[in-house]
$ cat final.cif   # mmCIF, C-alpha atoms and all ligand atoms
data_work
#
loop_
_atom_site.label_atom_id
_atom_site.label_comp_id
_atom_site.auth_asym_id
_atom_site.auth_seq_id
_atom_site.Cartn_x
_atom_site.Cartn_y
_atom_site.Cartn_z
CA MET A 1 1.05 1.25 21.48
CA ILE A 2 0.88 1.62 17.68
CA ASN A 3 -1.12 -1.21 16.10
CA ILE A 4 -0.22 -2.14 12.54
CA GLY A 5 -2.04 -4.54 10.22
CA VAL A 6 -0.28 -6.17 7.26
CA VAL A 7 -2.11 -7.15 4.04
CA GLY A 8 -0.29 -9.85 2.13
CA ALA A 9 1.76 -12.27 4.22
CA GLY A 10 3.86 -13.68 1.40
CA LEU A 11 7.61 -13.45 1.16
CA TYR A 12 7.94 -9.76 1.92
CA GLY A 13 4.85 -9.40 4.11
CA ARG A 14 6.67 -11.71 6.49
CA VAL A 15 9.59 -9.24 6.53
CA HIS A 16 7.08 -6.54 7.59
CA LEU A 17 5.60 -8.76 10.30
CA ASP A 18 9.05 -9.66 11.58
CA ALA A 19 10.15 -6.01 11.73
CA PHE A 20 7.09 -4.93 13.73
CA LYS A 21 7.32 -7.95 16.04
CA GLN A 22 10.93 -7.04 16.72
CA ARG A 23 9.97 -3.42 17.41
CA GLU A 24 7.44 -4.64 19.97
CA ARG A 25 10.08 -6.79 21.71
CA GLU A 26 12.76 -4.12 21.52
CA ARG A 27 10.86 -0.95 22.40
CA GLY A 28 7.29 -2.01 23.18
CA ASP A 29 5.82 1.01 21.36
CA ALA A 30 4.57 -0.56 18.08
CA ARG A 31 3.46 -4.01 17.03
CA ALA A 32 2.05 -6.14 14.23
CA ALA A 33 -1.48 -6.58 15.56
CA ALA A 34 -2.87 -8.79 12.77
CA PHE A 35 -2.50 -9.63 9.12
CA ALA A 36 -4.68 -10.60 6.16
CA ASP A 37 -3.98 -12.96 3.28
CA LEU A 38 -6.19 -14.70 0.74
CA SER A 39 -4.07 -17.83 0.98
CA GLU A 40 -4.85 -20.28 3.76
CA THR A 41 -1.29 -21.59 3.60
CA ALA A 42 0.10 -18.08 4.15
CA ARG A 43 -2.36 -17.50 7.00
CA ARG A 44 -1.43 -20.72 8.75
CA ALA A 45 2.30 -20.01 8.41
CA GLY A 46 1.85 -16.41 9.62
CA GLU A 47 -0.25 -17.37 12.63
CA ARG A 48 2.26 -20.09 13.57
CA ASP A 49 5.37 -17.92 13.16
CA PHE A 50 4.12 -14.57 14.46
CA GLY A 51 1.46 -15.61 16.97
CA ILE A 52 -1.17 -13.16 15.71
CA LYS A 53 -4.51 -13.53 13.94
CA GLY A 54 -4.53 -13.90 10.15
CA TYR A 55 -7.73 -12.83 8.40
CA PRO A 56 -8.83 -14.04 4.94
CA SER A 57 -9.51 -10.46 3.77
CA LEU A 58 -8.50 -6.89 4.48
CA GLU A 59 -12.15 -6.02 5.11
CA GLU A 60 -12.45 -8.58 7.93
CA MET A 61 -9.20 -7.38 9.48
CA LEU A 62 -10.40 -3.77 9.40
CA GLU A 63 -13.75 -4.76 10.92
CA HIS A 64 -12.29 -6.64 13.88
CA GLU A 65 -9.02 -4.84 14.65
CA ASP A 66 -8.39 -1.34 15.95
CA LEU A 67 -5.45 -0.38 13.70
CA ASP A 68 -3.42 2.81 13.51
CA GLY A 69 -2.02 1.91 10.10
CA VAL A 70 -1.87 -0.81 7.47
CA THR A 71 0.98 -1.99 5.25
CA VAL A 72 0.07 -3.32 1.79
CA VAL A 73 2.42 -6.08 0.59
CA THR A 74 0.58 -7.74 -2.28
CA PRO A 75 1.96 -8.28 -5.82
CA ASP A 76 3.00 -5.11 -7.67
CA HIS A 77 -0.21 -4.73 -9.72
CA LEU A 78 -2.52 -5.44 -6.76
CA HIS A 79 -1.93 -2.46 -4.47
CA HIS A 80 -4.64 -0.04 -5.62
CA ARG A 81 -7.89 -1.62 -4.39
CA LEU A 82 -6.40 -2.43 -1.00
CA VAL A 83 -4.81 0.99 -0.49
CA MET A 84 -8.06 2.71 -1.46
CA ALA A 85 -10.02 0.50 0.98
CA CYS A 86 -7.61 1.34 3.81
CA LEU A 87 -7.85 5.05 3.08
CA ALA A 88 -11.67 4.82 2.93
CA ALA A 89 -11.54 3.23 6.41
CA GLY A 90 -9.47 6.21 7.63
CA LYS A 91 -6.21 4.29 7.99
CA HIS A 92 -2.70 5.56 7.30
CA VAL A 93 -0.96 3.30 4.78
CA PHE A 94 2.52 2.07 3.97
CA VAL A 95 2.59 0.48 0.53
CA GLU A 96 5.30 -1.60 -1.07
CA LYS A 97 7.07 -0.29 -4.15
CA PRO A 98 5.95 0.34 -6.83
CA LEU A 99 2.98 2.42 -5.62
CA SER A 100 1.20 1.03 -8.68
CA THR A 101 2.00 -0.25 -12.17
CA ASP A 102 -0.79 1.98 -13.52
CA LEU A 103 -0.49 5.77 -13.65
CA ALA A 104 -4.19 6.60 -13.14
CA GLU A 105 -4.32 4.27 -10.14
CA ALA A 106 -1.17 5.83 -8.65
CA GLU A 107 -2.54 9.35 -9.05
CA GLU A 108 -5.88 8.35 -7.57
CA MET A 109 -4.24 6.89 -4.46
CA ALA A 110 -2.04 9.96 -3.94
CA GLY A 111 -5.04 12.27 -4.37
CA GLU A 112 -7.25 10.23 -2.05
CA ALA A 113 -4.66 10.25 0.74
CA GLU A 114 -4.34 14.04 0.45
CA ARG A 115 -8.12 14.52 0.35
CA ARG A 116 -8.55 12.43 3.50
CA ASN A 117 -5.49 13.94 5.20
CA LEU A 118 -3.93 10.49 5.68
CA LEU A 119 -0.33 9.34 5.37
CA LEU A 120 0.46 7.24 2.28
CA GLN A 121 4.12 6.24 2.48
CA VAL A 122 5.96 4.09 -0.09
CA ASP A 123 8.66 1.57 0.81
CA PHE A 124 11.58 3.10 -1.06
CA HIS A 125 14.11 1.70 1.38
CA LYS A 126 17.21 2.50 -0.72
CA ARG A 127 16.88 6.01 0.73
CA PHE A 128 17.76 4.58 4.15
CA ASP A 129 21.09 3.10 3.03
CA PRO A 130 23.78 5.29 4.67
CA TYR A 131 25.96 4.95 1.54
CA HIS A 132 23.14 6.51 -0.50
CA VAL A 133 22.61 9.24 2.08
CA ASP A 134 26.34 10.02 1.78
CA LEU A 135 26.07 10.14 -2.03
CA LYS A 136 23.08 12.46 -1.83
CA LEU A 137 24.87 14.83 0.55
CA ARG A 138 27.96 14.88 -1.71
CA ILE A 139 25.82 15.69 -4.75
CA ARG A 140 23.98 18.38 -2.79
CA GLY A 141 27.29 19.82 -1.58
CA GLY A 142 28.51 20.15 -5.18
CA GLU A 143 31.41 17.69 -4.86
CA LEU A 144 30.51 15.94 -8.13
CA GLY A 145 29.94 19.26 -9.95
CA ASN A 146 27.06 19.35 -12.41
CA LEU A 147 25.69 15.85 -12.88
CA GLN A 148 25.75 14.56 -16.46
CA TYR A 149 24.81 10.88 -16.33
CA GLY A 150 24.15 7.96 -14.07
CA TYR A 151 23.96 4.20 -14.13
CA CYS A 152 21.98 1.90 -11.85
CA TRP A 153 21.91 -1.87 -11.85
CA MET A 154 19.82 -4.38 -9.95
CA GLU A 155 20.06 -7.93 -11.20
CA ASP A 156 18.53 -10.85 -9.30
CA VAL A 157 19.04 -14.58 -9.46
CA LEU A 158 16.77 -16.79 -11.55
CA ARG A 159 14.69 -18.06 -8.62
CA VAL A 160 13.36 -14.51 -8.15
CA GLY A 161 12.00 -14.75 -11.71
CA THR A 162 10.62 -18.27 -11.32
CA ASP A 163 9.48 -18.38 -7.67
CA MET A 164 8.69 -14.75 -6.87
CA ILE A 165 7.55 -12.43 -9.67
CA GLY A 166 6.78 -15.42 -11.92
CA GLN A 167 4.38 -17.04 -9.41
CA PRO A 168 0.92 -17.84 -10.85
CA HIS A 169 -0.85 -15.26 -8.65
CA TRP A 170 1.35 -12.51 -10.20
CA GLY A 171 -0.65 -13.26 -13.37
CA GLY A 172 2.23 -12.79 -15.81
CA ARG A 173 2.45 -9.14 -14.65
CA GLY A 174 5.83 -9.37 -12.92
CA SER A 175 8.55 -7.29 -14.54
CA PRO A 176 12.16 -6.67 -13.51
CA ALA A 177 11.66 -2.98 -14.28
CA TRP A 178 8.76 -2.76 -11.82
CA PHE A 179 10.03 -5.14 -9.15
CA LEU A 180 13.66 -3.97 -9.18
CA GLY A 181 13.84 -0.91 -11.41
CA THR A 182 11.41 1.10 -9.26
CA HIS A 183 13.90 0.99 -6.38
CA MET A 184 16.62 2.49 -8.55
CA ILE A 185 14.36 4.97 -10.35
CA ASP A 186 13.26 6.39 -7.01
CA LEU A 187 16.83 6.32 -5.70
CA SER A 188 18.21 8.31 -8.64
CA CYS A 189 15.31 10.80 -8.59
CA TRP A 190 15.78 11.29 -4.84
CA LEU A 191 19.56 11.73 -5.26
CA MET A 192 18.89 14.50 -7.81
CA ASP A 193 16.06 16.15 -5.81
CA PHE A 194 13.39 15.01 -8.28
CA PRO A 195 14.07 16.66 -11.64
CA GLU A 196 11.20 16.25 -14.11
CA PRO A 197 11.54 13.02 -16.16
CA VAL A 198 11.44 13.81 -19.88
CA ARG A 199 12.02 10.79 -22.15
CA ALA A 200 12.40 7.01 -21.82
CA TYR A 201 13.75 4.37 -24.14
CA ALA A 202 13.93 0.69 -23.24
CA THR A 203 14.79 -2.70 -24.67
CA GLY A 204 14.17 -6.09 -23.10
CA GLY A 205 15.30 -9.69 -23.23
CA ARG A 206 12.92 -12.66 -23.13
CA GLY A 207 13.35 -16.40 -23.52
CA LYS A 208 14.98 -17.86 -20.43
CA LEU A 209 11.96 -17.49 -18.16
CA LYS A 210 9.60 -18.30 -21.02
CA SER A 211 11.41 -21.61 -21.46
CA LEU A 212 10.61 -22.27 -17.78
CA GLY A 213 6.90 -21.49 -18.19
CA ARG A 214 6.98 -17.85 -17.00
CA ASP A 215 6.16 -15.51 -19.86
CA ILE A 216 7.75 -12.35 -18.45
CA TYR A 217 10.84 -10.29 -19.29
CA ASP A 218 14.21 -11.78 -18.30
CA SER A 219 15.93 -8.41 -18.36
CA ILE A 220 15.21 -4.77 -19.19
CA LYS A 221 17.62 -1.99 -20.09
CA ALA A 222 16.12 1.50 -19.91
CA THR A 223 17.52 5.00 -20.28
CA VAL A 224 15.60 7.95 -18.89
CA SER A 225 16.51 11.59 -19.48
CA TYR A 226 15.62 14.27 -16.97
CA ALA A 227 15.00 18.02 -17.24
CA ASN A 228 18.28 18.72 -15.39
CA GLY A 229 20.15 17.34 -18.43
CA VAL A 230 21.06 14.05 -16.75
CA ALA A 231 20.42 10.67 -18.40
CA VAL A 232 20.30 7.60 -16.17
CA THR A 233 20.45 4.01 -17.43
CA TYR A 234 18.73 1.29 -15.40
CA ASP A 235 19.69 -2.36 -15.98
CA THR A 236 17.40 -4.90 -14.32
CA ALA A 237 17.24 -8.68 -14.64
CA VAL A 238 15.94 -11.80 -12.91
CA ILE A 239 18.13 -14.42 -14.60
CA LEU A 240 21.49 -14.39 -12.80
CA PRO A 241 22.61 -17.97 -12.08
CA ASP A 242 21.17 -19.16 -8.77
CA SER A 243 24.74 -20.03 -7.78
CA HIS A 244 25.62 -16.30 -7.69
CA GLU A 245 27.21 -15.27 -4.39
CA ALA A 246 24.25 -13.05 -3.44
CA VAL A 247 20.54 -12.91 -4.33
CA LEU A 248 21.33 -9.83 -6.34
CA ARG A 249 23.94 -7.51 -7.77
CA GLN A 250 23.01 -3.89 -7.23
CA GLY A 251 24.53 -0.45 -7.27
CA VAL A 252 24.52 3.11 -8.52
CA LYS A 253 27.08 5.36 -10.21
CA MET A 254 26.58 9.11 -10.59
CA VAL A 255 28.94 11.14 -12.77
CA GLY A 256 29.35 14.91 -12.84
CA THR A 257 31.71 17.58 -14.16
CA GLU A 258 33.93 17.30 -11.05
CA GLY A 259 33.92 13.58 -10.42
CA PHE A 260 31.94 10.45 -9.80
CA LEU A 261 30.91 8.11 -7.03
CA VAL A 262 30.00 4.44 -7.31
CA VAL A 263 28.07 2.67 -4.55
CA ASP A 264 28.22 -1.10 -4.94
CA SER A 265 25.58 -2.32 -2.54
CA GLN A 266 26.15 -6.01 -3.16
CA TYR A 267 29.85 -6.33 -2.46
CA ARG A 268 30.94 -4.17 0.45
CA GLY A 269 34.00 -6.03 1.50
CA SER A 270 32.49 -9.02 3.27
CA ARG A 271 32.96 -12.22 1.25
CA GLY A 272 33.31 -15.85 2.23
CA CYS A 273 32.53 -19.44 1.40
CA THR A 274 30.85 -22.14 3.49
CA THR A 275 29.98 -25.77 2.79
CA GLY A 276 26.31 -24.94 3.26
CA GLU A 277 26.06 -21.83 1.14
CA GLY A 278 29.06 -21.69 -1.18
CA MET A 279 30.52 -18.25 -2.01
CA ARG A 280 28.58 -15.45 -0.30
CA THR A 281 28.65 -11.67 -0.04
CA PRO A 282 26.29 -10.94 2.87
CA ASN A 283 24.10 -7.85 2.39
CA CYS A 284 24.73 -6.31 5.81
CA GLY A 285 23.51 -2.93 4.54
CA GLY A 286 20.02 -4.24 3.88
CA PHE A 287 19.71 -7.24 6.17
CA GLY A 288 22.15 -6.10 8.84
CA ARG A 289 22.19 -7.13 12.47
CA LYS A 290 23.07 -5.36 15.68
CA PHE A 291 23.19 -6.25 19.34
CA ALA A 292 20.29 -5.00 21.43
CA LYS A 293 20.97 -3.84 25.01
CA ASN A 294 20.09 -7.34 26.28
CA GLY A 295 22.74 -8.88 24.01
CA GLU A 296 20.21 -10.34 21.57
CA ALA A 297 21.26 -10.09 17.89
CA ILE A 298 18.43 -8.27 16.15
CA LYS A 299 17.70 -7.01 12.65
CA ALA A 300 19.12 -3.67 11.59
CA GLY A 301 19.85 -2.14 8.20
CA TYR A 302 17.92 -0.12 5.66
CA ILE A 303 15.21 -2.75 5.03
CA ASN A 304 14.21 -2.67 8.69
CA ASP A 305 14.76 1.10 9.01
CA SER A 306 12.20 1.91 6.31
CA LEU A 307 9.52 -0.17 8.08
CA VAL A 308 10.33 1.25 11.49
CA ASP A 309 10.11 4.73 9.96
CA PHE A 310 6.44 4.08 9.17
CA ALA A 311 5.79 2.98 12.77
CA GLU A 312 7.50 6.12 14.06
CA ASN A 313 5.50 8.31 11.66
CA LEU A 314 2.30 6.69 12.94
CA ALA A 315 3.34 7.58 16.48
CA GLU A 316 3.88 11.20 15.47
CA LEU A 317 0.48 11.33 13.79
CA LYS A 318 -1.12 9.81 16.89
CA ARG A 319 0.47 12.57 18.98
CA GLY A 320 -1.36 15.11 16.82
CA ALA A 321 0.88 15.81 13.82
CA ALA A 322 -0.67 15.98 10.34
CA PRO A 323 0.82 14.22 7.29
CA ALA A 324 1.82 17.67 5.99
CA ASP A 325 4.06 18.10 9.06
CA LEU A 326 6.06 15.06 7.89
CA ALA A 327 6.47 16.37 4.33
CA GLY A 328 9.99 15.92 2.97
CA ARG A 329 10.82 13.34 5.65
CA TYR A 330 9.25 10.25 4.09
CA ALA A 331 8.79 8.68 0.65
CA SER A 332 5.45 10.17 -0.32
CA ALA A 333 2.77 8.89 -2.66
CA ARG A 334 3.43 11.89 -4.94
CA GLU A 335 7.03 10.69 -5.26
CA GLY A 336 5.66 7.19 -5.84
CA VAL A 337 3.64 8.59 -8.75
CA VAL A 338 6.91 9.85 -10.34
CA SER A 339 8.39 6.33 -10.32
CA THR A 340 5.16 4.87 -11.67
CA ARG A 341 5.10 7.47 -14.48
CA ILE A 342 8.67 6.52 -15.45
CA GLY A 343 7.89 2.79 -15.16
CA VAL A 344 4.85 3.15 -17.43
CA ALA A 345 7.00 5.02 -20.00
CA ILE A 346 9.66 2.27 -19.86
CA HIS A 347 7.06 -0.44 -20.48
CA GLN A 348 5.47 1.60 -23.30
CA SER A 349 8.87 1.93 -24.95
CA LEU A 350 9.48 -1.81 -24.51
CA GLU A 351 6.23 -2.66 -26.25
CA THR A 352 6.43 -0.09 -29.06
CA GLY A 353 10.18 0.24 -29.60
CA ALA A 354 9.66 4.02 -29.53
CA LEU A 355 11.22 6.82 -27.51
CA VAL A 356 8.45 7.83 -25.07
CA ASP A 357 7.75 11.45 -24.13
CA ILE A 358 7.08 11.10 -20.41
CA ARG A 359 5.56 14.59 -20.15
CA LYS A 360 2.72 13.51 -22.45
CA LEU A 361 1.63 10.56 -20.30
N1 LIG A 401 11.08 -3.55 -0.60
C1 LIG A 401 11.62 -4.64 -1.12
O1 LIG A 401 12.83 -4.81 -1.23
C2 LIG A 401 10.71 -5.73 -1.57
C3 LIG A 401 11.18 -7.05 -1.66
C4 LIG A 401 10.29 -8.03 -2.08
C5 LIG A 401 8.99 -7.67 -2.41
N2 LIG A 401 8.59 -6.38 -2.34
C6 LIG A 401 7.24 -5.97 -2.73
O2 LIG A 401 6.30 -6.55 -1.85
C7 LIG A 401 5.10 -6.85 -2.56
C8 LIG A 401 4.78 -8.33 -2.34
O3 LIG A 401 5.84 -9.11 -2.85
P1 LIG A 401 6.09 -10.60 -2.32
O4 LIG A 401 7.37 -11.03 -2.91
O5 LIG A 401 5.89 -10.67 -0.85
O6 LIG A 401 4.88 -11.35 -3.05
P2 LIG A 401 4.25 -12.77 -2.65
O7 LIG A 401 3.56 -13.22 -3.89
O8 LIG A 401 5.25 -13.64 -2.00
O9 LIG A 401 3.16 -12.40 -1.54
C9 LIG A 401 2.01 -11.68 -1.82
C10 LIG A 401 0.91 -12.15 -0.88
O10 LIG A 401 -0.23 -11.31 -1.08
C11 LIG A 401 -1.39 -12.13 -0.94
N3 LIG A 401 -2.51 -11.43 -1.56
C12 LIG A 401 -2.73 -11.15 -2.87
N4 LIG A 401 -3.88 -10.45 -3.02
C13 LIG A 401 -4.38 -10.27 -1.78
C14 LIG A 401 -5.54 -9.64 -1.27
N5 LIG A 401 -6.43 -9.04 -2.07
N6 LIG A 401 -5.75 -9.66 0.06
C15 LIG A 401 -4.89 -10.29 0.90
N7 LIG A 401 -3.78 -10.91 0.46
C16 LIG A 401 -3.52 -10.90 -0.84
C17 LIG A 401 -0.98 -13.43 -1.63
O11 LIG A 401 -1.82 -14.51 -1.23
C18 LIG A 401 0.47 -13.59 -1.18
O12 LIG A 401 0.57 -14.37 0.00
C19 LIG A 401 5.35 -6.50 -4.03
O13 LIG A 401 4.83 -5.22 -4.31
C20 LIG A 401 6.87 -6.48 -4.12
O14 LIG A 401 7.40 -5.61 -5.12
C21 LIG A 401 9.42 -5.43 -1.90
#
$ encode --input "final.cif" --output "structure tokens"
Amino acid sequence: MINIGVVGAGLYGRVHLDAFKQRERERGDARAAAFADLSETARRAGERDFGIKGYPSLEEMLEHEDLDGVTVVTPDHLHHRLVMACLAAGKHVFVEKPLSTDLAEAEEMAGEAERRNLLLQVDFHKRFDPYHVDLKLRIRGGELGNLQYGYCWMEDVLRVGTDMIGQPHWGGRGSPAWFLGTHMIDLSCWLMDFPEPVRAYATGGRGKLKSLGRDIYDSIKATVSYANGVAVTYDTAVILPDSHEAVLRQGVKMVGTEGFLVVDSQYRGSRGCTTGEGMRTPNCGGFGRKFAKNGEAIKAGYINDSLVDFAENLAELKRGAAPADLAGRYASAREGVVSTRIGVAIHQSLETGALVDIRKL
């Protein structure tokens, strides 16, 4: 049995706990053994809903539980101390995106995992979307010719700005380019086999969230050029009307000398309207469902797949593999550093209005 601890049982930590609980029910080979959260409310809710112990700190969880790995699901700027503590305790780690919002911190975590020969995997789950895998294989096979430009968009409804990245414990540090943009930055880099990022230029919109007491960016538009000659624009926002038919609009377009492909991962053909929810486009790619052998409808889709991948990697490591044996098969901390480097450049450009030379960071 693989025992996993989760640090941070907020909105997304609960998705982690749910995925590992389901894995335990479905296959019996991995489980959420315990979790830690500073908030008593989160601990009470987690203990009630998942039936496992919630500790008030990572340190106490590590002291009392025999864990094979830990997932870190705290706000974007609060990953570093917890990841470093897990690595110091000899634990493999799965960390939410972005690896960090600080370049030195990101590099330190990647270096520490290598030095200790531990797995440090980042939750870049867009790589598990079969539509993105198809796009990557088409690009690799030359169907689009030489890539010239790309466009990614990820735009969330207002309540993500007010009730998620604008929460008080995010300390005014939430940013659509970190929370959403990192997904798309990693996706585009992965699609292109990680060309070196060269320059970034970004502009942002403020005002809507500020008027609601959250002094963070409403939206950010950033263009990043890469050493392969491709420029990709990333539009991110957290101010779509809450009445929008999905929590978010998201997609990617890649254009080359021989053609283009657009993946719209919000609207994939399933649309309807109910009295309870109004117009809806269910995200069956991310939060999909399938029938288990016993007929139970269980979670499937790329969100779950990325978490299960960590559990399966832990099993391989427990059987004697080294993190180096998994190289190229998981979203590594070194790849996480690339997204952090680009994110830092985007925020520097936002603050200075200048074109930022990413190679000088
Ligand atoms: N992969 C995805 O699609 C996805 C979606 C949502 C969130 N996320 C990521 O997950 C992370 C968490 O986001 P969220 O929306 O769940 O945030 P959240 O604010 O809802 O939850 C964070 C939790 O961490 C706890 N916490 C903070 N510091 C802690 C510490 N030192 N020790 C223990 N607990 C601590 C808080 O009390 C809170 O309960 C972020 O990095 C975010 O970007 C990823």
$ atom_distance --input "final.cif" --atom1 "CA of Ser211 in chain A" --atom2 "atom C4 of ligand LIG 401 (chain A)"
23.7 Å
$ closest_residue --input "final.cif" --among "A:Arg31, A:His64, A:Lys97, A:Arg44" --to "ligand LIG 401 (chain A)" --atoms "only C-alpha atoms and all ligand atoms"
A:Lys97
$ residues_near_ligand --input "final.cif" --ligand "ligand LIG 401 (chain A)" --cutoff "6 Å" --atoms "all atoms listed in the file" --output "list in words"
Val7, Gly8, Ala9, Gly10, Leu11, Tyr12, Gly13, Ala36, Asp37, Leu38, Ser39, Ala42, Ser57, Leu58, Val73, Thr74, Pro75, Asp76, Glu96, Lys97, Asp123, Met164 and Phe179 of chain A
$ closest_residue --input "final.cif" --among "A:Val230, A:Ala246, A:Ala177, A:Ile342" --to "Tyr217 in chain A" --atoms "all atoms listed in the file"
A:Ala177
$ atom_distance --input "final.cif" --atom1 "CA of Val83 in chain A" --atom2 "CA of Asp215 in chain A"
27.7 Å
$ decode --input "final.cif" --residues "range 289-301 of chain A" --atoms "C-alpha atoms" --output "JSON list (two decimals), in the first residue's frame"
[["chain", "number", "residue", "atom", "x", "y", "z"],
["A", 289, "ARG", "CA", -16.52, 10.08, -14.96],
["A", 290, "LYS", "CA", -16.40, 6.43, -15.88],
["A", 291, "PHE", "CA", -18.04, 3.26, -14.66],
["A", 292, "ALA", "CA", -15.91, 1.04, -12.46],
["A", 293, "LYS", "CA", -16.24, -2.75, -12.80],
["A", 294, "ASN", "CA", -18.77, -2.76, -9.95],
["A", 295, "GLY", "CA", -20.96, -0.26, -11.83],
["A", 296, "GLU", "CA", -20.08, 2.66, -9.55],
["A", 297, "ALA", "CA", -19.61, 5.99, -11.39],
["A", 298, "ILE", "CA", -16.14, 7.20, -10.44],
["A", 299, "LYS", "CA", -13.89, 10.12, -11.31],
["A", 300, "ALA", "CA", -11.83, 9.96, -14.47],
["A", 301, "GLY", "CA", -10.24, 12.61, -16.66]]
